[in-house]
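One file, target35.pdb, carrying PDB, C-alpha atoms:
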ATOM      1  CA  MET A  18     -32.369  11.827   6.239  1.00  0.00           C
ATOM      2  CA  GLY A  19     -35.188   9.332   6.468  1.00  0.00           C
ATOM      3  CA  LEU A  20     -36.061   7.695   9.725  1.00  0.00           C
ATOM      4  CA  PHE A  21     -34.548   4.323   8.808  1.00  0.00           C
ATOM      5  CA  PHE A  22     -33.045   4.743   5.363  1.00  0.00           C
ATOM      6  CA  LYS A  23     -30.257   6.953   4.082  1.00  0.00           C
ATOM      7  CA  THR A  24     -30.554   8.745   0.780  1.00  0.00           C
ATOM      8  CA  SER A  25     -28.009   7.915  -1.919  1.00  0.00           C
ATOM      9  CA  GLU A  26     -26.301  11.269  -1.248  1.00  0.00           C
ATOM     10  CA  GLU A  27     -26.008  10.449   2.469  1.00  0.00           C
ATOM     11  CA  LYS A  28     -24.598   6.997   1.671  1.00  0.00           C
ATOM     12  CA  ALA A  29     -22.058   8.516  -0.727  1.00  0.00           C
ATOM     13  CA  ALA A  30     -20.986  11.137   1.838  1.00  0.00           C
ATOM     14  CA  SER A  31     -20.623   8.461   4.518  1.00  0.00           C
ATOM     15  CA  GLN A  32     -18.516   6.258   2.213  1.00  0.00           C
ATOM     16  CA  ARG A  33     -16.352   9.231   1.192  1.00  0.00           C
ATOM     17  CA  LYS A  34     -15.654  10.001   4.858  1.00  0.00           C
ATOM     18  CA  LYS A  35     -14.629   6.358   5.470  1.00  0.00           C
ATOM     19  CA  ASP A  36     -12.388   6.417   2.385  1.00  0.00           C
ATOM     20  CA  GLU A  37     -10.681   9.625   3.504  1.00  0.00           C
ATOM     21  CA  THR A  38      -9.996   8.099   6.937  1.00  0.00           C
ATOM     22  CA  MET A  39      -8.381   5.096   5.239  1.00  0.00           C
ATOM     23  CA  GLU A  40      -6.405   7.338   2.862  1.00  0.00           C
ATOM     24  CA  LYS A  41      -4.664   9.013   5.799  1.00  0.00           C
ATOM     25  CA  GLY A  42      -3.091   5.735   6.906  1.00  0.00           C
ATOM     26  CA  THR A  43      -2.331   4.078   3.581  1.00  0.00           C
ATOM     27  CA  SER A  44       0.944   4.320   1.673  1.00  0.00           C
ATOM     28  CA  TYR A  45       2.917   2.574  -1.058  1.00  0.00           C
ATOM     29  CA  MET A  46       6.652   2.022  -1.315  1.00  0.00           C
ATOM     30  CA  GLY A  47       8.555   1.303  -4.508  1.00  0.00           C
ATOM     31  CA  TYR A  48      11.644   1.940  -6.590  1.00  0.00           C
ATOM     32  CA  PRO A  49      11.032   4.304  -9.525  1.00  0.00           C
ATOM     33  CA  LEU A  50      11.891   2.894 -12.945  1.00  0.00           C
ATOM     34  CA  GLN A  51      12.586   6.414 -14.257  1.00  0.00           C
ATOM     35  CA  ASN A  52      13.942   9.607 -12.722  1.00  0.00           C
ATOM     36  CA  LEU A  53      11.303  11.856 -11.150  1.00  0.00           C
ATOM     37  CA  GLY A  54      12.934  15.268 -10.986  1.00  0.00           C
ATOM     38  CA  PRO A  55      15.143  15.159  -7.874  1.00  0.00           C
ATOM     39  CA  ILE A  56      14.121  11.543  -7.156  1.00  0.00           C
ATOM     40  CA  THR A  57      16.352   9.068  -8.982  1.00  0.00           C
ATOM     41  CA  THR A  58      15.900   5.452 -10.029  1.00  0.00           C
ATOM     42  CA  GLY A  59      16.977   2.979  -7.403  1.00  0.00           C
ATOM     43  CA  SER A  60      15.895   5.175  -4.507  1.00  0.00           C
ATOM     44  CA  VAL A  61      12.984   4.115  -2.315  1.00  0.00           C
ATOM     45  CA  VAL A  62       9.896   6.267  -2.886  1.00  0.00           C
ATOM     46  CA  THR A  63       6.935   6.434  -0.524  1.00  0.00           C
ATOM     47  CA  ILE A  64       3.605   7.572  -1.933  1.00  0.00           C
ATOM     48  CA  LYS A  65       1.227   8.921   0.701  1.00  0.00           C
ATOM     49  CA  MET A  66      -2.279  10.275   0.364  1.00  0.00           C
ATOM     50  CA  HIS A  67      -3.227  13.549   2.034  1.00  0.00           C
ATOM     51  CA  PRO A  68      -7.027  13.844   1.831  1.00  0.00           C
ATOM     52  CA  ASP A  69      -7.140  17.068   3.863  1.00  0.00           C
ATOM     53  CA  GLU A  70      -4.921  18.731   1.255  1.00  0.00           C
ATOM     54  CA  GLN A  71      -6.368  16.755  -1.708  1.00  0.00           C
ATOM     55  CA  LYS A  72      -2.944  15.603  -2.915  1.00  0.00           C
ATOM     56  CA  ILE A  73      -0.504  12.717  -2.877  1.00  0.00           C
ATOM     57  CA  SER A  74       3.183  13.105  -2.130  1.00  0.00           C
ATOM     58  CA  LEU A  75       6.024  11.080  -3.594  1.00  0.00           C
ATOM     59  CA  THR A  76       8.910  11.248  -1.119  1.00  0.00           C
ATOM     60  CA  SER A  77      12.457   9.914  -1.156  1.00  0.00           C
ATOM     61  CA  GLY A  78      14.717  11.147   1.631  1.00  0.00           C
ATOM     62  CA  LYS A  79      14.498  14.942   1.685  1.00  0.00           C
ATOM     63  CA  ASN A  80      13.048  15.128  -1.839  1.00  0.00           C
ATOM     64  CA  SER A  81       9.293  15.341  -2.318  1.00  0.00           C
ATOM     65  CA  ILE A  82       6.922  15.856  -5.243  1.00  0.00           C
ATOM     66  CA  ASP A  83       3.213  16.626  -4.807  1.00  0.00           C
ATOM     67  CA  LEU A  84       0.428  15.676  -7.196  1.00  0.00           C
ATOM     68  CA  PRO A  85      -3.114  17.053  -6.724  1.00  0.00           C
ATOM     69  CA  TYR A  86      -5.917  14.494  -6.495  1.00  0.00           C
ATOM     70  CA  ASP A  87      -7.705  16.023  -9.494  1.00  0.00           C
ATOM     71  CA  ARG A  88      -4.792  15.061 -11.800  1.00  0.00           C
ATOM     72  CA  ILE A  89      -4.742  11.373 -10.804  1.00  0.00           C
ATOM     73  CA  LEU A  90      -6.143   9.114 -13.546  1.00  0.00           C
ATOM     74  CA  GLY A  91      -5.529   5.743 -11.899  1.00  0.00           C
ATOM     75  CA  PHE A  92      -3.139   3.363 -10.187  1.00  0.00           C
ATOM     76  CA  SER A  93      -2.493  -0.326 -10.764  1.00  0.00           C
ATOM     77  CA  ILE A  94      -0.208  -2.974  -9.327  1.00  0.00           C
ATOM     78  CA  ASN A  95       0.482  -5.926 -11.611  1.00  0.00           C
ATOM     79  CA  ASP A  96       2.881  -8.833 -11.464  1.00  0.00           C
ATOM     80  CA  GLU A  97       5.819  -9.207 -13.818  1.00  0.00           C
ATOM     81  CA  ALA A  98       6.998 -12.791 -13.621  1.00  0.00           C
ATOM     82  CA  SER A  99      10.723 -13.181 -14.126  1.00  0.00           C
ATOM     83  CA  LEU A 100      12.782 -16.325 -14.075  1.00  0.00           C
ATOM     84  CA  SER A 101      15.978 -16.256 -12.065  1.00  0.00           C
ATOM     85  CA  SER A 102      18.249 -19.103 -13.114  1.00  0.00           C
ATOM     86  CA  GLY A 103      20.998 -20.911 -11.252  1.00  0.00           C
ATOM     87  CA  LYS A 104      23.909 -23.174 -12.249  1.00  0.00           C
ATOM     88  CA  ILE A 105      23.837 -26.604 -13.838  1.00  0.00           C
ATOM     89  CA  SER A 106      21.552 -28.930 -11.924  1.00  0.00           C
ATOM     90  CA  ILE A 107      23.307 -32.010 -10.534  1.00  0.00           C
ATOM     91  CA  GLY A 108      20.011 -33.262  -9.137  1.00  0.00           C
ATOM     92  CA  GLY A 109      18.482 -32.915 -12.605  1.00  0.00           C
ATOM     93  CA  ALA A 110      21.326 -34.994 -14.088  1.00  0.00           C
ATOM     94  CA  ILE A 111      20.825 -37.776 -11.536  1.00  0.00           C
ATOM     95  CA  ILE A 112      17.054 -37.902 -11.990  1.00  0.00           C
ATOM     96  CA  GLY A 113      17.361 -37.638 -15.791  1.00  0.00           C
ATOM     97  CA  SER A 114      19.878 -40.541 -15.850  1.00  0.00           C
ATOM     98  CA  ALA A 115      17.707 -42.740 -13.676  1.00  0.00           C
ATOM     99  CA  ILE A 116      14.623 -42.216 -15.825  1.00  0.00           C
ATOM    100  CA  PHE A 117      15.979 -41.796 -19.371  1.00  0.00           C
ATOM    101  CA  GLY A 118      19.574 -43.125 -19.246  1.00  0.00           C
ATOM    102  CA  PRO A 119      22.678 -41.210 -20.424  1.00  0.00           C
ATOM    103  CA  VAL A 120      20.758 -38.846 -22.716  1.00  0.00           C
ATOM    104  CA  GLY A 121      18.386 -37.984 -19.868  1.00  0.00           C
ATOM    105  CA  GLY A 122      21.395 -37.309 -17.639  1.00  0.00           C
ATOM    106  CA  VAL A 123      22.817 -34.781 -20.085  1.00  0.00           C
ATOM    107  CA  LEU A 124      19.483 -33.061 -20.631  1.00  0.00           C
ATOM    108  CA  GLY A 125      18.650 -33.126 -16.916  1.00  0.00           C
ATOM    109  CA  GLY A 126      22.030 -31.587 -16.080  1.00  0.00           C
ATOM    110  CA  LEU A 127      21.559 -28.821 -18.607  1.00  0.00           C
ATOM    111  CA  GLN A 128      18.110 -28.054 -17.243  1.00  0.00           C
ATOM    112  CA  LYS A 129      18.870 -25.011 -15.153  1.00  0.00           C
ATOM    113  CA  LYS A 130      17.479 -24.610 -11.720  1.00  0.00           C
ATOM    114  CA  GLY A 131      14.994 -21.842 -11.669  1.00  0.00           C
ATOM    115  CA  LYS A 132      12.591 -20.298  -9.306  1.00  0.00           C
ATOM    116  CA  ASN A 133       9.744 -18.079 -10.257  1.00  0.00           C
ATOM    117  CA  LYS A 134      10.163 -14.706  -8.696  1.00  0.00           C
ATOM    118  CA  ILE A 135       7.302 -12.283  -8.990  1.00  0.00           C
ATOM    119  CA  SER A 136       8.051  -8.598  -9.257  1.00  0.00           C
ATOM    120  CA  TRP A 137       5.123  -6.283  -8.630  1.00  0.00           C
ATOM    121  CA  ILE A 138       5.010  -3.171 -10.815  1.00  0.00           C
ATOM    122  CA  GLY A 139       3.042  -0.150  -9.630  1.00  0.00           C
ATOM    123  CA  THR A 140       1.851   2.252 -12.336  1.00  0.00           C
ATOM    124  CA  LEU A 141       0.576   5.729 -11.520  1.00  0.00           C
ATOM    125  CA  LEU A 142      -1.385   7.361 -14.349  1.00  0.00           C
ATOM    126  CA  TYR A 143      -1.755  11.113 -14.089  1.00  0.00           C
ATOM    127  CA  GLU A 144      -2.417  14.230 -16.094  1.00  0.00           C
ATOM    128  CA  SER A 145       0.475  16.666 -16.477  1.00  0.00           C
ATOM    129  CA  LYS A 146       0.021  20.410 -15.941  1.00  0.00           C
ATOM    130  CA  GLU A 147      -0.183  20.678 -19.748  1.00  0.00           C
ATOM    131  CA  GLY A 148      -3.056  18.174 -19.858  1.00  0.00           C
ATOM    132  CA  GLU A 149      -1.021  15.254 -21.238  1.00  0.00           C
ATOM    133  CA  ARG A 150      -1.536  11.704 -19.976  1.00  0.00           C
ATOM    134  CA  LYS A 151       1.634  10.473 -18.227  1.00  0.00           C
ATOM    135  CA  GLU A 152       2.639   7.430 -16.221  1.00  0.00           C
ATOM    136  CA  LEU A 153       5.193   6.636 -13.553  1.00  0.00           C
ATOM    137  CA  ASN A 154       6.287   3.066 -12.926  1.00  0.00           C
ATOM    138  CA  PHE A 155       7.695   1.559  -9.746  1.00  0.00           C
ATOM    139  CA  THR A 156       8.991  -1.830  -8.702  1.00  0.00           C
ATOM    140  CA  THR A 157       6.983  -2.449  -5.556  1.00  0.00           C
ATOM    141  CA  TYR A 158       8.942  -2.724  -2.320  1.00  0.00           C
ATOM    142  CA  THR A 159       7.811  -5.922  -0.611  1.00  0.00           C
ATOM    143  CA  LEU A 160       9.001  -7.998   2.293  1.00  0.00           C
ATOM    144  CA  GLY A 161       9.657 -11.550   1.213  1.00  0.00           C
ATOM    145  CA  ASN A 162       8.357 -12.646  -2.159  1.00  0.00           C
ATOM    146  CA  PRO A 163       4.561 -12.564  -2.138  1.00  0.00           C
ATOM    147  CA  ASP A 164       3.070 -14.633  -4.962  1.00  0.00           C
ATOM    148  CA  LYS A 165      -0.125 -12.600  -4.863  1.00  0.00           C
ATOM    149  CA  LYS A 166      -1.014  -9.026  -4.034  1.00  0.00           C
ATOM    150  CA  THR A 167      -0.839  -8.208  -0.355  1.00  0.00           C
ATOM    151  CA  PHE A 168      -3.743  -6.602   1.492  1.00  0.00           C
ATOM    152  CA  GLN A 169      -1.826  -3.312   1.585  1.00  0.00           C
ATOM    153  CA  MET A 170      -1.210  -3.383  -2.187  1.00  0.00           C
ATOM    154  CA  ASN A 171      -4.909  -4.006  -2.869  1.00  0.00           C
ATOM    155  CA  GLN A 172      -5.998  -1.323  -0.405  1.00  0.00           C
ATOM    156  CA  PHE A 173      -3.663   1.316  -1.867  1.00  0.00           C
ATOM    157  CA  GLU A 174      -4.674   0.482  -5.432  1.00  0.00           C
ATOM    158  CA  THR A 175      -8.396   0.626  -4.579  1.00  0.00           C
ATOM    159  CA  LEU A 176      -8.149   3.948  -2.737  1.00  0.00           C
ATOM    160  CA  MET A 177      -6.087   5.573  -5.509  1.00  0.00           C
ATOM    161  CA  ASN A 178      -8.659   4.501  -8.095  1.00  0.00           C
ATOM    162  CA  LYS A 179     -11.496   5.866  -5.960  1.00  0.00           C
ATOM    163  CA  ILE A 180      -9.629   9.185  -5.907  1.00  0.00           C
ATOM    164  CA  ALA A 181      -9.292   9.051  -9.706  1.00  0.00           C
ATOM    165  CA  VAL A 182     -13.025   8.405 -10.166  1.00  0.00           C
ATOM    166  CA  ARG A 183     -13.988  11.418  -8.031  1.00  0.00           C
ATOM    167  CA  ARG A 184     -12.849  13.810 -10.742  1.00  0.00           C
ATOM    168  CA  TYR A 185     -15.812  12.575 -12.806  1.00  0.00           C
ATOM    169  CA  ASP A 186     -18.462  12.786 -10.071  1.00  0.00           C
ATOM    170  CA  GLY A 187     -21.702  14.151 -11.477  1.00  0.00           C
ATOM    171  CA  GLN A 188     -20.557  14.144 -15.111  1.00  0.00           C
ATOM    172  CA  SER A 189     -22.498  12.348 -17.783  1.00  0.00           C
ATOM    173  CA  PHE A 190     -20.793  10.418 -20.560  1.00  0.00           C
ATOM    174  CA  GLU A 191     -21.679   9.243 -24.023  1.00  0.00           C
ATOM    175  CA  LEU A 192     -20.310   5.997 -25.394  1.00  0.00           C
TER     176      LEU A 192
END

What's the structure tokens form of this structure?
Amino acid sequence: MGLFFKTSEEKAASQRKKDETMEKGTSYMGYPLQNLGPITTGSVVTIKMHPDEQKISLTSGKNSIDLPYDRILGFSINDEASLSSGKISIGGAIIGSAIFGPVGGVLGGLQKKGKNKISWIGTLLYESKEGERKELNFTTYTLGNPDKKTFQMNQFETLMNKIAVRRYDGQSFEL
């Protein structure tokens, strides 16, 4: 180590240590969209990182599945906008009538109430024991209805992708 400056290797080791500290306290909760062995759809799954053991665990109740870090290809959380509709809108009929007359009242009444609800889908990409690329999808468990990713979602996604990149440390690639 230099007197005032760290080498790139020292910086990388320092960052890795910080990342591993964060990994220990970061988790993700979601509902699987497909059965995962003993873990069924509709059950709440918690994904935790275990840097000391170089694995993640997917746990639901007493059931748990482990996945080694070196088989993780990536993780993403994306929004899936869905429209939840209500009944005929009386308010829409009144406003439509006032602005456009009887025709506006009919069209305004038929305009269904709707509210944009954002569902967050977590996708875990991994390599199977046979070397095949696989993915697991989860509806993210959130409190309330966040219209953008929460800090915890971003942190989990970032750390999982840092884990995925480590498998390529030191390798050269050709495009």

Next on the checklist: Residue by residue, what does the PyMOL selection byres ((chain A and resi 57-65) around 7) grab here? Present the result as a PyMOL selection string.
Outcome noted: chain A and resi 43-53+55-56+66-67+73-77

Take the selection from the previous step and output its residues with C-alpha atoms, as a PDB file, in the frame of the given file.
ATOM      1  CA  THR A  43      -2.331   4.078   3.581  1.00  0.00           C
ATOM      2  CA  SER A  44       0.944   4.320   1.673  1.00  0.00           C
ATOM      3  CA  TYR A  45       2.917   2.574  -1.058  1.00  0.00           C
ATOM      4  CA  MET A  46       6.652   2.022  -1.315  1.00  0.00           C
ATOM      5  CA  GLY A  47       8.555   1.303  -4.508  1.00  0.00           C
ATOM      6  CA  TYR A  48      11.644   1.940  -6.590  1.00  0.00           C
ATOM      7  CA  PRO A  49      11.032   4.304  -9.525  1.00  0.00           C
ATOM      8  CA  LEU A  50      11.891   2.894 -12.945  1.00  0.00           C
ATOM      9  CA  GLN A  51      12.586   6.414 -14.257  1.00  0.00           C
ATOM     10  CA  ASN A  52      13.942   9.607 -12.722  1.00  0.00           C
ATOM     11  CA  LEU A  53      11.303  11.856 -11.150  1.00  0.00           C
ATOM     12  CA  PRO A  55      15.143  15.159  -7.874  1.00  0.00           C
ATOM     13  CA  ILE A  56      14.121  11.543  -7.156  1.00  0.00           C
ATOM     14  CA  MET A  66      -2.279  10.275   0.364  1.00  0.00           C
ATOM     15  CA  HIS A  67      -3.227  13.549   2.034  1.00  0.00           C
ATOM     16  CA  ILE A  73      -0.504  12.717  -2.877  1.00  0.00           C
ATOM     17  CA  SER A  74       3.183  13.105  -2.130  1.00  0.00           C
ATOM     18  CA  LEU A  75       6.024  11.080  -3.594  1.00  0.00           C
ATOM     19  CA  THR A  76       8.910  11.248  -1.119  1.00  0.00           C
ATOM     20  CA  SER A  77      12.457   9.914  -1.156  1.00  0.00           C
TER      21      SER A  77
END

Item to check | Closest of A:Asp186, A:Asp36, A:Glu149, A:Asp96 to Trp137 (chain A) - atom-to-atom distances counting only C-alpha atoms | outcome: A:Asp96

Might I get the box with edges along x, y and z of the file that holds all atoms of region 162-170 of chain A listed there, padded by 5 Å on every side, given as centre and edge lengths in Å to one decimal, as JSON?
{"center_x": 2.3, "center_y": -9.0, "center_z": -1.7, "size_x": 22.1, "size_y": 21.3, "size_z": 16.5}

Item to check | Result set of the PyMOL selection byres ((chain A and resi 84) around 12) on the coordinates above, as a ChimeraX atom specification | outcome: /A:64-68,70-76,81-83,85-90,141-146

Next on the checklist: Report, in Å to a single decimal, how far apart CA of Glu174 (chain A) and CA of Ile94 (chain A) are.
Outcome noted: 6.9 Å
